[in-house]
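Shown here: protein.cif, mmCIF, C-alpha atoms.
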```
data_run
#
loop_
_atom_site.group_PDB
_atom_site.id
_atom_site.type_symbol
_atom_site.label_atom_id
_atom_site.label_comp_id
_atom_site.auth_asym_id
_atom_site.auth_seq_id
_atom_site.Cartn_x
_atom_site.Cartn_y
_atom_site.Cartn_z
ATOM 1 C CA MET A 1 88.045 -27.262 15.703
ATOM 2 C CA GLN A 2 90.014 -30.484 15.299
ATOM 3 C CA ALA A 3 88.728 -34.044 15.045
ATOM 4 C CA ASN A 4 89.785 -35.060 18.558
ATOM 5 C CA GLU A 5 87.817 -32.140 19.997
ATOM 6 C CA LEU A 6 84.636 -33.543 18.450
ATOM 7 C CA MET A 7 85.026 -36.433 20.893
ATOM 8 C CA GLU A 8 85.043 -34.080 23.856
ATOM 9 C CA LEU A 9 81.922 -32.380 22.564
ATOM 10 C CA ALA A 10 80.214 -35.776 22.280
ATOM 11 C CA ALA A 11 81.087 -36.488 25.919
ATOM 12 C CA ILE A 12 79.699 -33.114 27.002
ATOM 13 C CA ALA A 13 76.474 -33.740 25.059
ATOM 14 C CA ALA A 14 76.053 -37.162 26.696
ATOM 15 C CA ALA A 15 76.762 -35.834 30.180
ATOM 16 C CA HIS A 16 74.445 -32.838 30.006
ATOM 17 C CA GLY A 17 71.823 -34.262 27.657
ATOM 18 C CA PRO A 18 69.385 -35.067 30.513
ATOM 19 C CA VAL A 19 69.334 -31.385 31.480
ATOM 20 C CA LEU A 20 68.106 -30.561 28.003
ATOM 21 C CA VAL A 21 65.718 -33.519 27.800
ATOM 22 C CA GLU A 22 64.074 -33.086 31.196
ATOM 23 C CA GLY A 23 64.234 -29.315 31.512
ATOM 24 C CA PRO A 24 61.672 -26.757 30.355
ATOM 25 C CA ALA A 25 63.978 -25.066 27.834
ATOM 26 C CA ARG A 26 62.783 -25.051 24.229
ATOM 27 C CA LEU A 27 65.194 -25.666 21.391
ATOM 28 C CA THR A 28 65.416 -22.689 19.063
ATOM 29 C CA ALA A 29 65.049 -22.901 15.323
ATOM 30 C CA GLN A 30 68.326 -21.028 14.828
ATOM 31 C CA SER A 31 70.513 -23.570 16.623
ATOM 32 C CA LEU A 32 68.761 -26.531 14.988
ATOM 33 C CA GLU A 33 69.020 -25.036 11.517
ATOM 34 C CA GLU A 34 72.698 -24.247 12.023
ATOM 35 C CA TYR A 35 73.410 -27.824 13.106
ATOM 36 C CA TRP A 36 71.529 -29.370 10.191
ATOM 37 C CA THR A 37 72.770 -26.995 7.501
ATOM 38 C CA THR A 38 76.415 -27.036 8.566
ATOM 39 C CA ALA A 39 76.456 -30.833 8.847
ATOM 40 C CA LYS A 40 75.087 -31.085 5.299
ATOM 41 C CA ILE A 41 77.711 -28.654 3.986
ATOM 42 C CA ARG A 42 80.460 -30.697 5.645
ATOM 43 C CA LEU A 43 79.050 -33.916 4.202
ATOM 44 C CA ASP A 44 79.119 -32.374 0.726
ATOM 45 C CA ARG A 45 82.762 -31.395 1.219
ATOM 46 C CA TRP A 46 83.619 -34.899 2.381
ATOM 47 C CA THR A 47 81.887 -36.473 -0.606
ATOM 48 C CA ARG A 48 83.612 -34.255 -3.171
ATOM 49 C CA THR A 49 87.056 -34.618 -1.560
ATOM 50 C CA LEU A 50 86.860 -38.400 -1.272
ATOM 51 C CA ALA A 51 85.588 -38.770 -4.847
ATOM 52 C CA ALA A 52 88.385 -36.583 -6.213
ATOM 53 C CA TRP A 53 91.060 -38.410 -4.236
ATOM 54 C CA GLN A 54 89.725 -41.830 -5.212
ATOM 55 C CA GLN A 55 89.919 -40.930 -8.899
ATOM 56 C CA GLN A 56 93.565 -39.874 -8.539
ATOM 57 C CA SER A 57 94.653 -42.904 -6.499
ATOM 58 C CA PRO A 58 95.957 -46.211 -7.890
ATOM 59 C CA LYS A 59 93.513 -49.070 -8.238
ATOM 60 C CA ALA A 60 93.555 -51.585 -5.401
ATOM 61 C CA ASN A 61 94.076 -54.510 -7.795
ATOM 62 C CA SER A 62 96.987 -52.916 -9.614
ATOM 63 C CA SER A 63 100.630 -53.703 -8.897
ATOM 64 C CA ALA A 64 101.424 -50.055 -8.247
ATOM 65 C CA LYS A 65 102.192 -49.011 -4.692
ATOM 66 C CA PRO A 66 100.169 -46.267 -3.024
ATOM 67 C CA VAL A 67 101.229 -42.899 -4.354
ATOM 68 C CA THR A 68 103.128 -41.083 -1.600
ATOM 69 C CA GLU A 69 103.029 -37.795 -3.505
ATOM 70 C CA ASN A 70 99.232 -37.822 -3.319
ATOM 71 C CA HIS A 71 98.627 -38.351 0.372
ATOM 72 C CA PRO A 72 95.169 -39.606 1.332
ATOM 73 C CA PRO A 73 93.089 -37.134 3.351
ATOM 74 C CA ALA A 74 93.881 -38.617 6.772
ATOM 75 C CA GLY A 75 92.480 -35.593 8.560
ATOM 76 C CA LEU A 76 89.198 -36.033 6.723
ATOM 77 C CA PHE A 77 89.053 -39.721 7.662
ATOM 78 C CA GLU A 78 89.569 -38.783 11.316
ATOM 79 C CA GLU A 79 86.849 -36.147 11.012
ATOM 80 C CA VAL A 80 84.373 -38.691 9.691
ATOM 81 C CA LEU A 81 85.129 -41.272 12.385
ATOM 82 C CA THR A 82 85.070 -38.906 15.350
ATOM 83 C CA GLY A 83 82.177 -36.896 13.935
ATOM 84 C CA GLU A 84 80.071 -40.038 13.918
ATOM 85 C CA VAL A 85 80.409 -40.326 17.703
ATOM 86 C CA LEU A 86 78.931 -36.855 18.108
ATOM 87 C CA ALA A 87 76.200 -37.567 15.534
ATOM 88 C CA ARG A 88 75.081 -40.745 17.318
ATOM 89 C CA VAL A 89 75.144 -39.198 20.799
ATOM 90 C CA TRP A 90 73.349 -36.033 19.677
ATOM 91 C CA THR A 91 70.723 -38.133 17.896
ATOM 92 C CA ALA A 92 70.125 -39.993 21.170
ATOM 93 C CA VAL A 93 69.636 -36.665 22.955
ATOM 94 C CA MET A 94 67.226 -35.399 20.308
ATOM 95 C CA CYS A 95 65.255 -38.659 20.332
ATOM 96 C CA ALA A 96 64.915 -38.501 24.106
ATOM 97 C CA TYR A 97 63.922 -34.825 23.879
ATOM 98 C CA ASP A 98 61.081 -35.624 21.481
ATOM 99 C CA ARG A 99 59.848 -38.694 23.341
ATOM 100 C CA ARG A 100 59.807 -36.844 26.634
ATOM 101 C CA ARG A 101 57.368 -34.361 25.059
ATOM 102 C CA GLY A 102 55.369 -36.841 22.995
ATOM 103 C CA GLN A 103 56.358 -35.205 19.721
ATOM 104 C CA CYS A 104 58.356 -35.927 16.582
ATOM 105 C CA GLU A 105 60.061 -32.689 15.647
ATOM 106 C CA VAL A 106 63.825 -32.781 16.199
ATOM 107 C CA GLU A 107 64.490 -36.530 15.971
ATOM 108 C CA PRO A 108 64.017 -36.643 12.151
ATOM 109 C CA LEU A 109 66.464 -33.762 11.778
ATOM 110 C CA ALA A 110 69.127 -35.489 13.875
ATOM 111 C CA ARG A 111 68.611 -38.796 12.107
ATOM 112 C CA SER A 112 68.937 -37.067 8.739
ATOM 113 C CA VAL A 113 72.367 -35.823 9.754
ATOM 114 C CA LEU A 114 73.275 -39.289 11.035
ATOM 115 C CA VAL A 115 72.278 -40.917 7.734
ATOM 116 C CA GLY A 116 74.720 -38.655 5.899
ATOM 117 C CA GLN A 117 77.362 -39.457 8.492
ATOM 118 C CA LEU A 118 76.877 -43.186 7.939
ATOM 119 C CA GLU A 119 77.215 -42.739 4.182
ATOM 120 C CA ALA A 120 80.545 -40.987 4.700
ATOM 121 C CA ARG A 121 81.673 -43.718 7.102
ATOM 122 C CA ASN A 122 80.876 -46.439 4.556
ATOM 123 C CA ARG A 123 82.910 -44.636 1.922
ATOM 124 C CA VAL A 124 85.853 -44.254 4.303
ATOM 125 C CA LEU A 125 85.807 -47.918 5.335
ATOM 126 C CA THR A 126 85.569 -48.999 1.704
ATOM 127 C CA LEU A 127 88.692 -47.027 0.870
ATOM 128 C CA LEU A 128 90.500 -48.520 3.855
ATOM 129 C CA LEU A 129 89.613 -52.046 2.719
ATOM 130 C CA ARG A 130 90.811 -51.383 -0.834
ATOM 131 C CA GLY A 131 94.386 -51.046 0.377
ATOM 132 C CA LEU A 132 94.966 -47.553 -0.967
ATOM 133 C CA PHE A 133 96.767 -46.480 2.215
ATOM 134 C CA ASP A 134 100.180 -47.080 3.639
ATOM 135 C CA PRO A 135 99.825 -50.149 5.955
ATOM 136 C CA MET A 136 100.864 -48.222 9.050
ATOM 137 C CA GLU A 137 98.363 -45.469 8.303
ATOM 138 C CA THR A 138 95.652 -48.030 7.666
ATOM 139 C CA GLU A 139 96.331 -49.635 11.035
ATOM 140 C CA ARG A 140 96.292 -46.267 12.809
ATOM 141 C CA LEU A 141 92.949 -45.298 11.307
ATOM 142 C CA ASP A 142 91.490 -48.712 12.076
ATOM 143 C CA GLN A 143 92.546 -48.337 15.706
ATOM 144 C CA LEU A 144 90.878 -44.937 15.754
ATOM 145 C CA ARG A 145 87.713 -46.509 14.376
ATOM 146 C CA ARG A 146 87.657 -49.122 17.133
ATOM 147 C CA ARG A 147 88.253 -46.529 19.840
ATOM 148 C CA CYS A 148 85.446 -44.346 18.477
ATOM 149 C CA GLU A 149 83.050 -47.278 18.484
ATOM 150 C CA ARG A 150 83.837 -48.234 22.077
ATOM 151 C CA TRP A 151 83.535 -44.665 23.325
ATOM 152 C CA THR A 152 80.247 -44.249 21.468
ATOM 153 C CA ASP A 153 78.798 -47.254 23.273
ATOM 154 C CA LEU A 154 80.141 -46.062 26.625
ATOM 155 C CA LEU A 155 78.656 -42.580 26.243
ATOM 156 C CA LEU A 156 75.325 -43.908 25.009
ATOM 157 C CA GLY A 157 75.173 -46.455 27.829
ATOM 158 C CA GLY A 158 75.805 -43.717 30.356
ATOM 159 C CA PHE A 159 73.288 -41.328 28.844
ATOM 160 C CA GLY A 160 69.998 -43.066 29.506
ATOM 161 C CA ASP A 161 67.952 -46.234 29.341
ATOM 162 C CA GLU A 162 68.234 -48.713 26.514
ATOM 163 C CA THR A 163 65.179 -47.472 24.638
ATOM 164 C CA GLN A 164 66.989 -44.192 23.963
ATOM 165 C CA TRP A 165 70.114 -45.644 22.340
ATOM 166 C CA ASN A 166 69.548 -49.285 21.402
ATOM 167 C CA ASP A 167 69.548 -48.608 17.650
ATOM 168 C CA LEU A 168 72.361 -46.034 17.882
ATOM 169 C CA ALA A 169 75.040 -48.117 19.587
ATOM 170 C CA PHE A 170 77.597 -50.051 17.565
ATOM 171 C CA GLU A 171 77.145 -53.016 19.915
ATOM 172 C CA PRO A 172 74.005 -52.614 22.060
ATOM 173 C CA ARG A 173 75.095 -55.364 24.434
ATOM 174 C CA ARG A 174 78.385 -53.590 25.084
ATOM 175 C CA ALA A 175 76.545 -50.324 25.696
ATOM 176 C CA ALA A 176 74.267 -52.134 28.149
ATOM 177 C CA ASP A 177 77.317 -53.560 29.913
ATOM 178 C CA PHE A 178 78.747 -50.057 30.260
ATOM 179 C CA ALA A 179 75.421 -48.815 31.615
ATOM 180 C CA ALA A 180 75.333 -51.571 34.231
ATOM 181 C CA GLU A 181 78.999 -51.334 35.166
ATOM 182 C CA PHE A 182 79.007 -47.595 35.774
ATOM 183 C CA ALA A 183 75.624 -47.382 37.498
ATOM 184 C CA PRO A 184 73.602 -46.039 39.276
ATOM 185 C CA PRO A 185 71.738 -45.528 36.000
ATOM 186 C CA ALA A 186 69.276 -43.161 37.671
ATOM 187 C CA ALA A 187 72.031 -40.605 38.242
ATOM 188 C CA PRO A 188 72.896 -38.301 35.309
ATOM 189 C CA LEU A 189 76.236 -39.120 33.750
ATOM 190 C CA ARG A 190 77.832 -35.862 34.854
ATOM 191 C CA LEU A 191 77.003 -36.616 38.519
ATOM 192 C CA ARG A 192 78.422 -40.125 38.661
ATOM 193 C CA PRO A 193 81.706 -40.560 40.538
ATOM 194 C CA ALA A 194 83.410 -42.054 37.494
ATOM 195 C CA TRP A 195 82.504 -39.195 35.150
ATOM 196 C CA GLN A 196 85.606 -37.056 35.677
ATOM 197 C CA LEU A 197 87.791 -40.132 35.187
ATOM 198 C CA TRP A 198 85.950 -40.969 31.970
ATOM 199 C CA LEU A 199 86.391 -37.474 30.634
ATOM 200 C CA ALA A 200 90.088 -37.376 31.547
ATOM 201 C CA SER A 201 90.599 -40.786 29.931
ATOM 202 C CA LEU A 202 88.812 -39.717 26.757
ATOM 203 C CA ARG A 203 90.928 -36.585 26.442
ATOM 204 C CA ALA A 204 94.155 -38.465 27.113
ATOM 205 C CA THR A 205 93.262 -41.169 24.594
ATOM 206 C CA PHE A 206 92.438 -38.908 21.676
ATOM 207 C CA ARG A 207 94.901 -36.101 22.331
ATOM 208 C CA ALA A 208 97.805 -38.535 22.628
ATOM 209 C CA SER A 209 97.062 -40.079 19.239
ATOM 210 C CA PRO A 210 98.767 -38.634 16.155
ATOM 211 C CA THR A 211 96.212 -36.351 14.584
ATOM 212 C CA ALA A 212 96.232 -34.835 11.123
ATOM 213 C CA PRO A 213 94.849 -31.308 10.782
ATOM 214 C CA SER A 214 91.113 -31.332 10.169
ATOM 215 C CA PRO A 215 90.286 -29.992 6.702
ATOM 216 C CA ASN A 216 86.897 -28.696 7.864
ATOM 217 C CA ALA A 217 87.805 -27.147 11.205
ATOM 218 C CA ASP A 218 85.595 -24.156 10.416
ATOM 219 C CA LEU A 219 82.498 -26.307 9.954
ATOM 220 C CA ASN A 220 83.335 -28.405 13.008
ATOM 221 C CA ALA A 221 83.388 -25.210 15.064
ATOM 222 C CA ARG A 222 80.007 -24.130 13.691
ATOM 223 C CA ILE A 223 78.492 -27.524 14.498
ATOM 224 C CA ALA A 224 79.929 -27.364 18.018
ATOM 225 C CA ALA A 225 78.544 -23.866 18.550
ATOM 226 C CA ALA A 226 75.099 -25.020 17.377
ATOM 227 C CA VAL A 227 75.108 -27.930 19.823
ATOM 228 C CA VAL A 228 76.276 -25.779 22.747
ATOM 229 C CA ALA A 229 73.646 -23.142 21.897
ATOM 230 C CA CYS A 230 70.887 -25.715 22.457
ATOM 231 C CA PHE A 231 71.672 -25.851 26.181
ATOM 232 C CA PRO A 232 70.683 -23.215 28.743
ATOM 233 C CA SER A 233 73.533 -20.745 29.219
ATOM 234 C CA ASP A 234 74.132 -21.698 32.867
ATOM 235 C CA VAL A 235 74.061 -25.475 32.484
ATOM 236 C CA PHE A 236 77.834 -25.910 32.487
ATOM 237 C CA ASP A 237 78.683 -23.523 35.332
ATOM 238 C CA SER A 238 77.934 -25.529 38.467
ATOM 239 C CA THR A 239 78.718 -29.111 37.525
ATOM 240 C CA GLY A 240 82.464 -29.214 38.058
ATOM 241 C CA LEU A 241 83.079 -29.821 34.364
ATOM 242 C CA ILE A 242 86.692 -29.229 33.395
ATOM 243 C CA ARG A 243 86.270 -26.888 30.451
ATOM 244 C CA SER A 244 88.981 -26.546 27.867
ATOM 245 C CA LEU A 245 89.822 -23.453 25.864
ATOM 246 C CA TRP A 246 87.949 -24.666 22.791
ATOM 247 C CA PHE A 247 84.793 -25.181 24.865
ATOM 248 C CA HIS A 248 84.991 -21.639 26.225
ATOM 249 C CA ARG A 249 85.363 -20.467 22.634
ATOM 250 C CA MET A 250 82.382 -22.490 21.437
ATOM 251 C CA GLN A 251 80.179 -21.236 24.263
ATOM 252 C CA ARG A 252 81.216 -17.652 23.601
ATOM 253 C CA THR A 253 80.478 -18.086 19.904
ATOM 254 C CA ALA A 254 77.054 -19.497 20.698
ATOM 255 C CA ASP A 255 76.326 -16.672 23.143
ATOM 256 C CA ASP A 256 77.403 -14.039 20.617
ATOM 257 C CA ALA A 257 75.250 -15.586 17.900
ATOM 258 C CA GLN A 258 72.211 -15.821 20.180
ATOM 259 C CA GLY A 259 72.735 -12.226 21.337
ATOM 260 C CA LEU A 260 72.746 -11.008 17.761
ATOM 261 C CA LEU A 261 69.611 -12.988 16.983
ATOM 262 C CA ASP A 262 67.889 -11.535 20.039
ATOM 263 C CA GLN A 263 68.686 -8.043 18.806
ATOM 264 C CA LEU A 264 67.354 -8.795 15.363
ATOM 265 C CA LEU A 265 64.204 -10.534 16.555
ATOM 266 C CA GLY A 266 63.365 -8.133 19.364
ATOM 267 C CA PRO A 267 61.778 -9.112 22.679
ATOM 268 C CA SER A 268 59.616 -11.915 21.336
ATOM 269 C CA ASP A 269 60.250 -15.512 22.352
ATOM 270 C CA PRO A 270 62.679 -17.565 20.224
ATOM 271 C CA PRO A 271 61.080 -19.668 17.522
ATOM 272 C CA ALA A 272 60.149 -23.137 18.654
ATOM 273 C CA ALA A 273 61.537 -26.270 17.101
ATOM 274 C CA GLY A 274 58.218 -26.900 15.408
ATOM 275 C CA MET A 275 58.631 -23.817 13.234
ATOM 276 C CA PHE A 276 61.929 -25.155 11.984
ATOM 277 C CA ARG A 277 60.329 -28.525 11.303
ATOM 278 C CA VAL A 278 57.770 -26.834 9.063
ATOM 279 C CA ARG A 279 60.461 -24.881 7.201
ATOM 280 C CA LEU A 280 62.793 -27.816 6.598
ATOM 281 C CA GLY A 281 60.428 -30.782 6.745
ATOM 282 C CA ASN A 282 60.651 -31.561 3.059
ATOM 283 C CA ARG A 283 64.402 -31.016 2.984
ATOM 284 C CA PHE A 284 65.253 -33.795 5.409
ATOM 285 C CA GLY A 285 62.499 -36.150 4.367
ATOM 286 C CA HIS A 286 59.956 -35.588 7.121
ATOM 287 C CA SER A 287 56.564 -34.080 6.485
ATOM 288 C CA PRO A 288 55.397 -31.519 9.056
#
```

Would you write the structure of this file as structure tokens?
Amino acid sequence: MQANELMELAAIAAAHGPVLVEGPARLTAQSLEEYWTTAKIRLDRWTRTLAAWQQQSPKANSSAKPVTENHPPAGLFEEVLTGEVLARVWTAVMCAYDRRRGQCEVEPLARSVLVGQLEARNRVLTLLLRGLFDPMETERLDQLRRRCERWTDLLLGGFGDETQWNDLAFEPRRAADFAAEFAPPAAPLRLRPAWQLWLASLRATFRASPTAPSPNADLNARIAAAVVACFPSDVFDSTGLIRSLWFHRMQRTADDAQGLLDQLLGPSDPPAAGMFRVRLGNRFGHSP
């Protein structure tokens, strides 16, 4: 799964998040654990790759030009920037899910993933500022950063009221402007007349941009499958959503994984999110 496809997944999560938040479905421990664990594995890969590349690159204050033989991991930089959009939107969904039920179970997990995402972002921006890239590549990545920030605020503004995303937007006032401009706010994002235009614009924007191959496409796919698996299986069938081939693949992967788990666990109900919170509470810094 490539970096630009993470943007589409973020849009899908924002559009259908209210179904998950307001519906009776319970999040399963399997999907939550897969999201958290895979995101942490990807963060570890990012950290090791960036550290290794930084050690091999010329110092920013030296007279040497950037080494063209040792290309910077542009695909990784794109992964970090677009992955942050998904992390912020999914955190908003998880926060709203918890607050709707008067609990604090899945929000700490989502925020733990977001903290790691922000650490990776800071490292990426630091490297961009040090001038270790070709100027044209630096400009391209900076444009990608700005686009990701604007789309994050748009998706958050369309998702719900300000209390659900105020601390997750890059510019809360801009997100509020998006929320007001594309009202009615009471209507779910996927049902608003402008939604299909937004989705088409997002796809055109990020698919038209030059994109380096994502170095962690396998982990991106696992994260996507975990997110999709959190939704009821029929949630995407009657909304008019234009589904791409990768989304069909992610949904099929999630269905296959859940089917296998059902066989292994038998006819009992899937574990609730609270069970996962007990198992991983200490690991992401939240006591059960």

* To do: I need the residue set behind the PyMOL selection byres ((chain A and resi 85) around 10) for this file; please write it as a PyMOL selection string.
  => chain A and resi 6-11+80-84+86-91+114+117+148-153+155-156+168-169

* Asked: Quick one: distance from atom CA of Glu22 of chain A to atom CA of Asp167 of chain A in Å, one decimal?
  -> 21.3 Å

* To do: May I ask for the distance between atom CA of Ile223 of chain A and atom CA of Glu34 of chain A, given in Å to one decimal place?
  => 7.1 Å

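Residue nearest Thr49 of chain A, chosen from A:Asp177, A:Asn216, A:Met1, A:Val106 and counting only C-alpha atoms: A:Asn216.
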
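Going from atom CA of Thr126 of chain A to atom CA of Glu171 of chain A covers 20.5 Å.
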
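Take the candidates A:Ser201, A:Thr138, A:Asn166, A:Ser112 and check each one against Leu43 of chain A using only C-alpha atoms; the shortest distance goes to A:Ser112.
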
* Asked: Which residues fall under the PyMOL selection byres ((chain A and resi 17) around 12) in this file, as a PyMOL selection string?
  -> chain A and resi 9-16+18-23+89-97+155-156+158-160+164+188-190+227-228+230-232+235-236

Store the residues picked out above in a file with C-alpha atoms, as a compact mmCIF listing (two decimals), in the frame of the given file.
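Result file part08.txt:
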```txt
# COMPACT_ATOMS: atom_id res chain seq x y z
CA LEU A 9 81.92 -32.38 22.56
CA ALA A 10 80.21 -35.78 22.28
CA ALA A 11 81.09 -36.49 25.92
CA ILE A 12 79.70 -33.11 27.00
CA ALA A 13 76.47 -33.74 25.06
CA ALA A 14 76.05 -37.16 26.70
CA ALA A 15 76.76 -35.83 30.18
CA HIS A 16 74.44 -32.84 30.01
CA PRO A 18 69.39 -35.07 30.51
CA VAL A 19 69.33 -31.38 31.48
CA LEU A 20 68.11 -30.56 28.00
CA VAL A 21 65.72 -33.52 27.80
CA GLU A 22 64.07 -33.09 31.20
CA GLY A 23 64.23 -29.32 31.51
CA VAL A 89 75.14 -39.20 20.80
CA TRP A 90 73.35 -36.03 19.68
CA THR A 91 70.72 -38.13 17.90
CA ALA A 92 70.12 -39.99 21.17
CA VAL A 93 69.64 -36.66 22.96
CA MET A 94 67.23 -35.40 20.31
CA CYS A 95 65.26 -38.66 20.33
CA ALA A 96 64.92 -38.50 24.11
CA TYR A 97 63.92 -34.83 23.88
CA LEU A 155 78.66 -42.58 26.24
CA LEU A 156 75.32 -43.91 25.01
CA GLY A 158 75.81 -43.72 30.36
CA PHE A 159 73.29 -41.33 28.84
CA GLY A 160 70.00 -43.07 29.51
CA GLN A 164 66.99 -44.19 23.96
CA PRO A 188 72.90 -38.30 35.31
CA LEU A 189 76.24 -39.12 33.75
CA ARG A 190 77.83 -35.86 34.85
CA VAL A 227 75.11 -27.93 19.82
CA VAL A 228 76.28 -25.78 22.75
CA CYS A 230 70.89 -25.72 22.46
CA PHE A 231 71.67 -25.85 26.18
CA PRO A 232 70.68 -23.22 28.74
CA VAL A 235 74.06 -25.48 32.48
CA PHE A 236 77.83 -25.91 32.49
```

* Name every residue that the PyMOL selection byres ((chain A and resi 127) around 12) selects in this structure, writing the answer as a PyMOL selection string with chains first and numbers rising. => chain A and resi 50-51+53-55+57-60+72-74+77+120-126+128-134+138+141-142

Selection export as a short mmCIF file (atom, residue, chain, number, x, y, z; two decimals), in the coordinates of the input, atoms kept: C-alpha atoms:
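Saved the output as result.cif:
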```cif
data_model
loop_
_atom_site.label_atom_id
_atom_site.label_comp_id
_atom_site.auth_asym_id
_atom_site.auth_seq_id
_atom_site.Cartn_x
_atom_site.Cartn_y
_atom_site.Cartn_z
CA LEU A 50 86.86 -38.40 -1.27
CA ALA A 51 85.59 -38.77 -4.85
CA TRP A 53 91.06 -38.41 -4.24
CA GLN A 54 89.72 -41.83 -5.21
CA GLN A 55 89.92 -40.93 -8.90
CA SER A 57 94.65 -42.90 -6.50
CA PRO A 58 95.96 -46.21 -7.89
CA LYS A 59 93.51 -49.07 -8.24
CA ALA A 60 93.56 -51.58 -5.40
CA PRO A 72 95.17 -39.61 1.33
CA PRO A 73 93.09 -37.13 3.35
CA ALA A 74 93.88 -38.62 6.77
CA PHE A 77 89.05 -39.72 7.66
CA ALA A 120 80.54 -40.99 4.70
CA ARG A 121 81.67 -43.72 7.10
CA ASN A 122 80.88 -46.44 4.56
CA ARG A 123 82.91 -44.64 1.92
CA VAL A 124 85.85 -44.25 4.30
CA LEU A 125 85.81 -47.92 5.34
CA THR A 126 85.57 -49.00 1.70
CA LEU A 128 90.50 -48.52 3.86
CA LEU A 129 89.61 -52.05 2.72
CA ARG A 130 90.81 -51.38 -0.83
CA GLY A 131 94.39 -51.05 0.38
CA LEU A 132 94.97 -47.55 -0.97
CA PHE A 133 96.77 -46.48 2.22
CA ASP A 134 100.18 -47.08 3.64
CA THR A 138 95.65 -48.03 7.67
CA LEU A 141 92.95 -45.30 11.31
CA ASP A 142 91.49 -48.71 12.08
#
```

* Compile the contact shell of Asp218 of chain A as number ranges by chain: residues with an atom at most 12 Å away, counting all atoms listed in the file, same-chain residues fewer than 6 positions apart removed. => A: 1-3, 38-39, 41-42, 224-225, 250
